[in-house]
Amino acid sequence: MVLSYDSYNEARNKDKQKMDRLESDVESLKNGMTKIFLLIQQNPALINVKPEVLEKKVK
């Protein structure tokens with residue numbers, strides 16, 4: 001299968017958009033995890049709490 005230049009650029013742009021969105025999601029996840037870890041460090045009793053509950057409290 002041979003792609004035309006325009007098709008190639010379109011596919012490449014779509015891939016770049018997906019990568020940008022993925023990087024954004026990863027950064028968001030890192031920020032959320034950092035907040036959860038900070039909560040746990042401030043109050044070690046939170047170790048036994050489910051992450052979903054902590055996530056709701058962070059937002």
# chains A, B, ... in the order shown; residues from 1 in each chain; ligands from 1
>>> residues_around(residues="region 26-39 of chain A", least_positions_apart="6", cutoff="8 Å", atoms="only C-alpha atoms", output="list in words")
Leu46, Pro51, Leu54, Glu55 and Val58 of chain A
>>> atom_distance(atom1="CA of Tyr8 (chain A)", atom2="CA of Asp20 (chain A)")
18.2 Å
